[in-house]
Every structure is written in C-alpha cells, then in structure tokens.
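> The following block contains the structure, expressed as structure tokens.
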Amino acid sequence: MLLRVEEIYDFAARILSETRFKHTLDVADWAEKLAKHHGLDPVKARCAGLAHDLAKELPMKDQLSLARRWKLLHYPEDERYPYVLHGPLAAYWMEHYYKVEDTEILAAVASHTLGRPGMSQLEMLIYSADLTEPSRDFPKVDNLRQSLYDDLGKGTLACVERTLIYLRESKRPIHPLTQLTYEDMLRRLNLGT
Ligand code: DGI
Ligand code: FE
Ligand code: FE
C-alpha cells in the first residue's frame with residue numbers, strides 16, 4: 001500500500017498543474033488527519049485524497065467522450081454540467097489503467113463532487129476534506145472544519161448543505177445526486193445510523 005501512495009503522488013505531480021497539485025496535497029493531508037482522528041484508515045484517506053482530482057484538468061470534450069466510452073453517464077445533468085464527471089473518470093482510470101483494486105478508495109474518488117446515497121465513512125471524509133482543505137476560504141469554513149472533527153456524519157451533512165446553498169446563491173442547477181445525498185444524510189442522522 002505504501003508503494004501505491006508514492007505512485008499516486010508521482011502521477012499527480014506529473015499530470016496536474018501546480019495549483020491543482022497543491023490543492024491535492026492539502027486534501028490528502030487534511031483527509032489523513034481526519035481519518036486518524038476518527039479511527040479510519042489514514043493510508044486509504046491519503047490515496048483517495050491524492051487521486052480525487054486526477055481527471056480534473058483533462059479537456060472537457062475528452063472528459064465527455066471518455067465518460068461516454070466508459071459508460072459513466074447516468075443523468076442528463078452529467079452531460080449538461082460535465083465538470084461533475086472528473087471523480088467517476090478518475091476512479092475508472094485508476095481501476096482499469098493503474099490497477100488500483102481497493103473499492104473503498106475508488107468509491108471515495110468517484111463520489112467526491114456529488115456524493116451519493118449510502119456513502120461510506122471514507123467517502124464522507126473525502127467529499128468533506130475537498131470542500132474544507134486549509135486553502136479553502138469562505139464564510140464559516142472554520143465551523144465546518146470543527147464540525148467534521150466533532151462528528152464526521154454531521155459535519156458531512158453540513159458540507160452538503162453548504163454546497164446546496166452555494167449552488168442556489170450562484171444560481172447554478174443542483175445535480176440530482178447532490179439532492180439525493182443531502183436527503184440520505186439527513187435521514188441517516190435522524191435515524192442515528
Ligand atoms: O474539483 P474541485 O474544484 O476541487 O471540487 P469538486 O470536485 O467538489 O467540484 C466542485 C465543482 O462542482 C464546483 O464548481 C461546484 C460543482 N458542483 C458540485 N455539486 C454540484 C455542482 N455543480 C452543479 N451544477 N450541481 C451540483 O449539484
Ligand atoms: Fe474535484
Ligand atoms: Fe478537489
């Protein structure tokens with residue numbers, strides 16, 4: 001597994017721009033720290049953090065054509081806002097071309113932008129660490145960081161809420177998976193599961 005971390009690190013350093021690579025390292029560090037705090041696997045958190053945006057800088061037309069070829073388009077919105085595809089693309093890429101077999105890491109990479117109903121703890125961690133890494137700066141981001149430290153489930157729900165508010169304020173359409181993720185997180189917290 002150690003080798004994997006180094007391989008993914010080198011790959012990210014090679015293909016990402018300087019700013020995106022810095023964001024990637026910040027997500028990996030923050031995700032690792034949160035994982036240790038919550039008793040999750042810090043190496044998996046680091047791998048998923050390093051891999052999460054690997055497909056982000058591919059030209060959009062290539063992201064769309066790869067998503068079509070790899071059968072990753074599931075909603076009309078996926079084609080309408082193709083910038084939400086880079087998570088599933090990176091996960092497919094890692095699985096099929098770099099032989100990453102760990103399904104927990106792959107799921108966390110795939111769901112990092114939109115989430116999904118039934119997210120695992122590691123998926124919540126990467127979704128939330130991406131939004132709250134140390135360079136992110138928006139009102140009340142510190143409250144989100146603290147909330148994630150206190151309770152990963154509640155903190156993640158607060159992160160999904162913040163995404164919904166941000167999308168509404170910037171008059172951007174809400175992807176059905178974001179809405180489903182929100183409803184699922186709310187339901188699970190109310191049920192205490
Ligand atoms: O790749 P990053 O910039 O690090 O972060 P990300 O993978 O969370 O992508 C963020 C972008 O995805 C941001 O521009 C908001 C957008 N996004 C997230 N959820 C939705 C969404 N865009 C739309 N239209 N609808 C969503 O539900
Ligand atoms: Fe992303
Ligand atoms: Fe990111």
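Naming scheme: A, B, ... for chains in displayed order of the structure tokens; residues 1 onward per chain; ligands 1 onward as shown.
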Against region 6-22 of chain A, which residues of region 120-172 of chain A fall within 12 Å? For each one I want the closest pair of atoms and the distance in Å (one decimal), counting only C-alpha atoms, rows by chain and increasing residue number, as a tab-separated table.

```
residue	atom	partner	partner_atom	distance
A:Asp130	CA	A:Arg20	CA	11.7
A:Glu133	CA	A:Lys22	CA	10.6
A:Pro134	CA	A:Lys22	CA	10.7
A:Ser135	CA	A:Lys22	CA	9.2
A:Arg136	CA	A:Lys22	CA	11.8
```
> Once you have the residues from the selection above, write them out as a PDB file, in the first residue's frame, restricted to N, CA, C and O atoms.

```pdb
ATOM      1  N   ASP A 130     -12.307  17.724   0.704  1.00  0.00           N
ATOM      2  CA  ASP A 130     -12.152  18.502  -0.538  1.00  0.00           C
ATOM      3  C   ASP A 130     -12.719  19.916  -0.359  1.00  0.00           C
ATOM      4  O   ASP A 130     -12.112  20.905  -0.750  1.00  0.00           O
ATOM      5  N   GLU A 133     -10.447  21.846   2.813  1.00  0.00           N
ATOM      6  CA  GLU A 133      -8.976  21.814   2.981  1.00  0.00           C
ATOM      7  C   GLU A 133      -8.480  23.219   3.336  1.00  0.00           C
ATOM      8  O   GLU A 133      -9.179  24.207   3.084  1.00  0.00           O
ATOM      9  N   PRO A 134      -7.267  23.316   3.921  1.00  0.00           N
ATOM     10  CA  PRO A 134      -6.828  24.586   4.522  1.00  0.00           C
ATOM     11  C   PRO A 134      -6.832  25.800   3.587  1.00  0.00           C
ATOM     12  O   PRO A 134      -6.973  26.923   4.071  1.00  0.00           O
ATOM     13  N   SER A 135      -6.713  25.592   2.294  1.00  0.00           N
ATOM     14  CA  SER A 135      -6.702  26.765   1.393  1.00  0.00           C
ATOM     15  C   SER A 135      -8.100  27.256   1.030  1.00  0.00           C
ATOM     16  O   SER A 135      -8.239  28.319   0.440  1.00  0.00           O
ATOM     17  N   ARG A 136      -9.123  26.468   1.335  1.00  0.00           N
ATOM     18  CA  ARG A 136     -10.490  26.922   1.034  1.00  0.00           C
ATOM     19  C   ARG A 136     -10.832  28.063   1.989  1.00  0.00           C
ATOM     20  O   ARG A 136     -10.590  27.960   3.196  1.00  0.00           O
TER      21      ARG A 136
END
```
> So which residues are near ligand 2, meaning at most 9 Å away with only C-alpha atoms and all ligand atoms counted, given back as an mmCIF file with all heavy atoms, in the first residue's frame?

```cif
data_model
loop_
_atom_site.group_PDB
_atom_site.id
_atom_site.type_symbol
_atom_site.label_atom_id
_atom_site.label_comp_id
_atom_site.auth_asym_id
_atom_site.auth_seq_id
_atom_site.Cartn_x
_atom_site.Cartn_y
_atom_site.Cartn_z
ATOM 1 N N HIS A 52 -8.131 12.161 -6.066
ATOM 2 C CA HIS A 52 -9.509 12.601 -6.313
ATOM 3 C C HIS A 52 -9.671 13.511 -7.535
ATOM 4 O O HIS A 52 -10.656 13.406 -8.255
ATOM 5 C CB HIS A 52 -10.124 13.230 -5.048
ATOM 6 C CG HIS A 52 -9.802 14.665 -4.829
ATOM 7 N ND1 HIS A 52 -8.584 15.109 -4.390
ATOM 8 C CD2 HIS A 52 -10.550 15.785 -5.018
ATOM 9 C CE1 HIS A 52 -8.600 16.436 -4.307
ATOM 10 N NE2 HIS A 52 -9.786 16.868 -4.679
ATOM 11 N N ASP A 53 -8.698 14.386 -7.793
ATOM 12 C CA ASP A 53 -8.860 15.324 -8.922
ATOM 13 C C ASP A 53 -7.964 14.994 -10.126
ATOM 14 O O ASP A 53 -7.722 15.865 -10.964
ATOM 15 C CB ASP A 53 -8.570 16.760 -8.443
ATOM 16 C CG ASP A 53 -9.804 17.460 -7.878
ATOM 17 O OD1 ASP A 53 -10.939 16.974 -8.128
ATOM 18 O OD2 ASP A 53 -9.647 18.485 -7.190
ATOM 19 N N LEU A 54 -7.506 13.753 -10.208
ATOM 20 C CA LEU A 54 -6.566 13.414 -11.291
ATOM 21 C C LEU A 54 -7.120 13.689 -12.686
ATOM 22 O O LEU A 54 -6.363 13.974 -13.616
ATOM 23 C CB LEU A 54 -6.150 11.939 -11.188
ATOM 24 C CG LEU A 54 -5.074 11.615 -10.151
ATOM 25 C CD1 LEU A 54 -4.831 10.109 -10.074
ATOM 26 C CD2 LEU A 54 -3.751 12.335 -10.466
ATOM 27 N N ALA A 55 -8.451 13.592 -12.854
ATOM 28 C CA ALA A 55 -9.022 13.779 -14.197
ATOM 29 C C ALA A 55 -9.514 15.209 -14.433
ATOM 30 O O ALA A 55 -10.017 15.530 -15.506
ATOM 31 C CB ALA A 55 -10.177 12.789 -14.410
ATOM 32 N N LYS A 56 -9.359 16.058 -13.424
ATOM 33 C CA LYS A 56 -9.991 17.382 -13.454
ATOM 34 C C LYS A 56 -9.486 18.261 -14.597
ATOM 35 O O LYS A 56 -10.219 19.082 -15.136
ATOM 36 C CB LYS A 56 -9.716 18.077 -12.117
ATOM 37 C CG LYS A 56 -10.201 19.496 -12.022
ATOM 38 C CD LYS A 56 -11.438 19.620 -11.211
ATOM 39 C CE LYS A 56 -11.848 21.073 -11.081
ATOM 40 N NZ LYS A 56 -13.113 21.227 -10.402
ATOM 41 N N TYR A 83 -18.441 19.149 -15.750
ATOM 42 C CA TYR A 83 -17.381 19.314 -14.741
ATOM 43 C C TYR A 83 -17.647 18.458 -13.503
ATOM 44 O O TYR A 83 -16.805 18.386 -12.616
ATOM 45 C CB TYR A 83 -17.195 20.793 -14.362
ATOM 46 C CG TYR A 83 -18.475 21.518 -14.065
ATOM 47 C CD1 TYR A 83 -19.053 21.450 -12.794
ATOM 48 C CD2 TYR A 83 -19.134 22.238 -15.057
ATOM 49 C CE1 TYR A 83 -20.251 22.084 -12.523
ATOM 50 C CE2 TYR A 83 -20.349 22.871 -14.787
ATOM 51 C CZ TYR A 83 -20.893 22.790 -13.523
ATOM 52 O OH TYR A 83 -22.088 23.408 -13.258
ATOM 53 N N VAL A 84 -18.818 17.804 -13.422
ATOM 54 C CA VAL A 84 -19.049 16.895 -12.288
ATOM 55 C C VAL A 84 -18.545 15.467 -12.577
ATOM 56 O O VAL A 84 -18.650 14.592 -11.726
ATOM 57 C CB VAL A 84 -20.543 16.840 -11.860
ATOM 58 C CG1 VAL A 84 -21.066 18.236 -11.525
ATOM 59 C CG2 VAL A 84 -21.415 16.177 -12.927
ATOM 60 N N LEU A 85 -17.996 15.261 -13.789
ATOM 61 C CA LEU A 85 -17.612 13.901 -14.190
ATOM 62 C C LEU A 85 -16.211 13.487 -13.756
ATOM 63 O O LEU A 85 -15.853 12.313 -13.835
ATOM 64 C CB LEU A 85 -17.689 13.770 -15.723
ATOM 65 C CG LEU A 85 -19.077 13.858 -16.347
ATOM 66 C CD1 LEU A 85 -18.971 13.936 -17.867
ATOM 67 C CD2 LEU A 85 -19.900 12.646 -15.927
ATOM 68 N N HIS A 86 -15.386 14.448 -13.305
ATOM 69 C CA HIS A 86 -13.967 14.108 -13.119
ATOM 70 C C HIS A 86 -13.710 13.094 -11.999
ATOM 71 O O HIS A 86 -12.698 12.391 -12.046
ATOM 72 C CB HIS A 86 -13.109 15.376 -12.944
ATOM 73 C CG HIS A 86 -13.398 16.171 -11.714
ATOM 74 N ND1 HIS A 86 -14.441 17.067 -11.635
ATOM 75 C CD2 HIS A 86 -12.790 16.199 -10.494
ATOM 76 C CE1 HIS A 86 -14.447 17.610 -10.427
ATOM 77 N NE2 HIS A 86 -13.457 17.110 -9.717
ATOM 78 N N GLY A 87 -14.641 12.994 -11.020
ATOM 79 C CA GLY A 87 -14.467 11.978 -9.965
ATOM 80 C C GLY A 87 -14.649 10.558 -10.511
ATOM 81 O O GLY A 87 -13.737 9.723 -10.404
ATOM 82 N N VAL A 109 -13.094 8.375 -4.419
ATOM 83 C CA VAL A 109 -12.689 9.243 -5.537
ATOM 84 C C VAL A 109 -13.913 9.545 -6.408
ATOM 85 O O VAL A 109 -14.188 10.702 -6.764
ATOM 86 C CB VAL A 109 -11.572 8.576 -6.369
ATOM 87 C CG1 VAL A 109 -11.304 9.354 -7.658
ATOM 88 C CG2 VAL A 109 -10.298 8.440 -5.542
ATOM 89 N N HIS A 112 -16.584 12.150 -4.898
ATOM 90 C CA HIS A 112 -16.097 13.315 -4.137
ATOM 91 C C HIS A 112 -16.777 14.632 -4.507
ATOM 92 O O HIS A 112 -16.790 15.561 -3.717
ATOM 93 C CB HIS A 112 -14.570 13.443 -4.240
ATOM 94 C CG HIS A 112 -14.078 14.180 -5.442
ATOM 95 N ND1 HIS A 112 -13.678 13.559 -6.598
ATOM 96 C CD2 HIS A 112 -13.922 15.511 -5.682
ATOM 97 C CE1 HIS A 112 -13.293 14.464 -7.480
ATOM 98 N NE2 HIS A 112 -13.435 15.656 -6.957
ATOM 99 N N THR A 113 -17.372 14.724 -5.692
ATOM 100 C CA THR A 113 -18.007 16.001 -6.082
ATOM 101 C C THR A 113 -19.486 16.040 -5.712
ATOM 102 O O THR A 113 -19.977 17.060 -5.231
ATOM 103 C CB THR A 113 -17.850 16.233 -7.600
ATOM 104 O OG1 THR A 113 -16.460 16.225 -7.924
ATOM 105 C CG2 THR A 113 -18.453 17.574 -8.031
ATOM 106 N N TYR A 127 -15.247 13.677 0.410
ATOM 107 C CA TYR A 127 -16.194 14.720 -0.018
ATOM 108 C C TYR A 127 -15.969 15.984 0.821
ATOM 109 O O TYR A 127 -15.871 17.097 0.298
ATOM 110 C CB TYR A 127 -17.632 14.205 0.149
ATOM 111 C CG TYR A 127 -18.695 15.217 -0.231
ATOM 112 C CD1 TYR A 127 -19.269 15.211 -1.499
ATOM 113 C CD2 TYR A 127 -19.110 16.196 0.677
ATOM 114 C CE1 TYR A 127 -20.230 16.159 -1.849
ATOM 115 C CE2 TYR A 127 -20.064 17.148 0.330
ATOM 116 C CZ TYR A 127 -20.616 17.111 -0.929
ATOM 117 O OH TYR A 127 -21.562 18.058 -1.273
ATOM 118 N N ASP A 130 -12.307 17.724 0.704
ATOM 119 C CA ASP A 130 -12.152 18.502 -0.538
ATOM 120 C C ASP A 130 -12.719 19.916 -0.359
ATOM 121 O O ASP A 130 -12.112 20.905 -0.750
ATOM 122 C CB ASP A 130 -12.887 17.751 -1.660
ATOM 123 C CG ASP A 130 -12.709 18.393 -3.021
ATOM 124 O OD1 ASP A 130 -11.730 19.141 -3.220
ATOM 125 O OD2 ASP A 130 -13.550 18.132 -3.902
#
```
> Restricting the calculation to only C-alpha atoms, which member of A:His38, A:His23, A:Lys44, A:Lys154 is positioned closest to Met185 (chain A)?
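Ranking A:His38, A:His23, A:Lys44, A:Lys154 by distance to Met185 (chain A), first place goes to A:Lys154.
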> Quick one: everything within 12 Å of Ala45 (chain A), counting only C-alpha atoms, minus sequence neighbours fewer than 6 positions away in the same chain. Send it as a PyMOL selection string.
chain A and resi 1+5+25+27-39+51-52+102+104-109+121-130
> Taking only C-alpha atoms into account, which of A:Ser120, A:Thr178, A:Thr24, A:Thr132 comes nearest Thr103 (chain A)?
A:Ser120
> Give me, as a Markdown table, the closest atom pair and its distance (Å, one decimal) for every residue of region 103-149 of chain A within a cut-off of 10 Å of region 161-175 of chain A, counting only C-alpha atoms, rows sorted by chain and rising number.

```
| residue | atom | partner | partner_atom | distance |
| --- | --- | --- | --- | --- |
| A:Thr113 | CA | A:Thr163 | CA | 9.8 |
| A:Leu114 | CA | A:His175 | CA | 7.6 |
| A:Leu131 | CA | A:Thr163 | CA | 8.7 |
| A:Lys140 | CA | A:Arg162 | CA | 9.7 |
| A:Val141 | CA | A:Arg162 | CA | 9.4 |
| A:Leu144 | CA | A:Arg162 | CA | 9.0 |
```
> Using the selection just defined, write its residues with N, CA and C atoms as a CSV table (one decimal), in the first residue's frame.

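Final output, again.csv:
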```csv
chain,number,residue,atom,x,y,z
A,113,THR,N,-17.4,14.7,-5.7
A,113,THR,CA,-18.0,16.0,-6.1
A,113,THR,C,-19.5,16.0,-5.7
A,114,LEU,N,-20.2,14.9,-5.9
A,114,LEU,CA,-21.6,14.9,-5.8
A,114,LEU,C,-22.1,14.1,-4.6
A,131,LEU,N,-13.9,20.0,0.3
A,131,LEU,CA,-14.5,21.3,0.5
A,131,LEU,C,-13.9,22.2,1.5
A,140,LYS,N,-17.6,30.9,7.3
A,140,LYS,CA,-17.9,29.8,8.2
A,140,LYS,C,-17.2,28.5,7.9
A,141,VAL,N,-16.2,28.5,7.0
A,141,VAL,CA,-15.5,27.3,6.7
A,141,VAL,C,-14.8,26.7,8.0
A,144,LEU,N,-17.3,24.5,9.7
A,144,LEU,CA,-17.4,23.1,9.0
A,144,LEU,C,-16.2,22.2,9.4
```
> Between A:Arg188, A:Arg46, A:Arg145, A:Arg80, which has the minimum distance to ligand 1 (counting only C-alpha atoms and all ligand atoms)?
A:Arg80
> For ligand 1, which residue out of A:Tyr97, A:Tyr81, A:Tyr149, A:Tyr75 is the nearest one, using only C-alpha atoms and all ligand atoms?
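Of A:Tyr97, A:Tyr81, A:Tyr149, A:Tyr75, the one nearest ligand 1 is A:Tyr81, counting only C-alpha atoms and all ligand atoms.
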> From the list A:Val160, A:Arg4, A:Tyr98, A:Glu57, which residue is nearest ligand 3 when using only C-alpha atoms and all ligand atoms?
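Of A:Val160, A:Arg4, A:Tyr98, A:Glu57, the one nearest ligand 3, counting only C-alpha atoms and all ligand atoms, is A:Glu57.
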> Which value, in Å to one decimal, gives the distance between CA of Leu186 (chain A) and CA of Leu157 (chain A)?
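Going from CA of Leu186 (chain A) over to CA of Leu157 (chain A), I get 6.9 Å.
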> Just want the 12 Å neighbourhood of Leu189 (chain A), counted on only C-alpha atoms, with same-chain residues fewer than 6 positions away dropped. Output as a ChimeraX atom specification.
/A:118,151-158,182-183
> Those residues with all heavy atoms, as a CSV table (one decimal), in the first residue's frame please?

```
chain,number,residue,atom,x,y,z
A,118,GLY,N,-25.9,6.6,0.7
A,118,GLY,CA,-25.2,5.4,1.3
A,118,GLY,C,-23.7,5.6,1.3
A,118,GLY,O,-23.0,4.6,1.3
A,151,ASP,N,-17.8,15.3,14.6
A,151,ASP,CA,-18.7,14.3,14.1
A,151,ASP,C,-18.7,14.2,12.6
A,151,ASP,O,-19.3,15.1,12.0
A,151,ASP,CB,-20.1,14.6,14.7
A,151,ASP,CG,-21.1,13.4,14.4
A,151,ASP,OD1,-21.2,13.0,13.2
A,151,ASP,OD2,-21.9,13.1,15.3
A,152,LEU,N,-18.2,13.1,12.1
A,152,LEU,CA,-18.0,13.1,10.6
A,152,LEU,C,-19.3,13.1,9.9
A,152,LEU,O,-19.5,13.8,8.8
A,152,LEU,CB,-17.2,11.8,10.2
A,152,LEU,CG,-16.9,11.6,8.8
A,152,LEU,CD1,-16.0,12.8,8.2
A,152,LEU,CD2,-16.2,10.3,8.6
A,153,GLY,N,-20.3,12.4,10.4
A,153,GLY,CA,-21.7,12.4,9.7
A,153,GLY,C,-22.3,13.8,9.7
A,153,GLY,O,-22.7,14.3,8.7
A,154,LYS,N,-22.4,14.4,10.9
A,154,LYS,CA,-23.0,15.7,11.0
A,154,LYS,C,-22.2,16.8,10.2
A,154,LYS,O,-22.8,17.6,9.5
A,154,LYS,CB,-23.0,16.2,12.5
A,154,LYS,CG,-24.2,15.5,13.2
A,154,LYS,CD,-24.3,16.1,14.6
A,154,LYS,CE,-25.2,15.3,15.5
A,154,LYS,NZ,-24.9,15.4,16.9
A,155,GLY,N,-20.9,16.7,10.3
A,155,GLY,CA,-20.0,17.6,9.5
A,155,GLY,C,-20.2,17.4,8.0
A,155,GLY,O,-20.3,18.4,7.3
A,156,THR,N,-20.4,16.2,7.6
A,156,THR,CA,-20.6,16.0,6.1
A,156,THR,C,-22.0,16.5,5.7
A,156,THR,O,-22.1,17.2,4.6
A,156,THR,CB,-20.5,14.5,5.8
A,156,THR,OG1,-19.2,14.0,6.2
A,156,THR,CG2,-20.6,14.3,4.3
A,157,LEU,N,-23.0,16.3,6.5
A,157,LEU,CA,-24.3,16.9,6.2
A,157,LEU,C,-24.2,18.4,6.1
A,157,LEU,O,-24.7,19.0,5.2
A,157,LEU,CB,-25.3,16.5,7.3
A,157,LEU,CG,-26.7,17.2,7.2
A,157,LEU,CD1,-27.4,16.7,5.9
A,157,LEU,CD2,-27.6,16.8,8.4
A,158,ALA,N,-23.4,19.0,7.0
A,158,ALA,CA,-23.2,20.5,6.9
A,158,ALA,C,-22.5,20.9,5.6
A,158,ALA,O,-22.8,21.9,5.0
A,158,ALA,CB,-22.5,21.0,8.2
A,182,TYR,N,-28.0,14.7,0.0
A,182,TYR,CA,-28.5,15.5,1.1
A,182,TYR,C,-29.6,14.8,1.9
A,182,TYR,O,-29.6,14.6,3.1
A,182,TYR,CB,-29.0,16.9,0.6
A,182,TYR,CG,-29.6,17.7,1.6
A,182,TYR,CD1,-28.9,18.2,2.7
A,182,TYR,CD2,-31.0,18.0,1.6
A,182,TYR,CE1,-29.5,19.0,3.7
A,182,TYR,CE2,-31.6,18.7,2.5
A,182,TYR,CZ,-30.9,19.2,3.6
A,182,TYR,OH,-31.5,20.0,4.6
A,183,GLU,N,-30.6,14.3,1.1
A,183,GLU,CA,-31.7,13.6,1.8
A,183,GLU,C,-31.3,12.4,2.5
A,183,GLU,O,-31.8,12.1,3.6
A,183,GLU,CB,-32.8,13.3,0.7
A,183,GLU,CG,-33.6,14.5,0.3
A,183,GLU,CD,-34.3,14.4,-1.1
A,183,GLU,OE1,-34.4,13.2,-1.5
A,183,GLU,OE2,-34.6,15.4,-1.7
```
> Please identify the helix (DSSP H, G or I) residues within region 11-172 of chain A (assignment by DSSP from backbone atoms) and present them as a PyMOL selection string.
chain A and resi 11-15+18-38+42-51+60-69+76-80+82-84+86-97+103-110+121-132+141-150+152-169
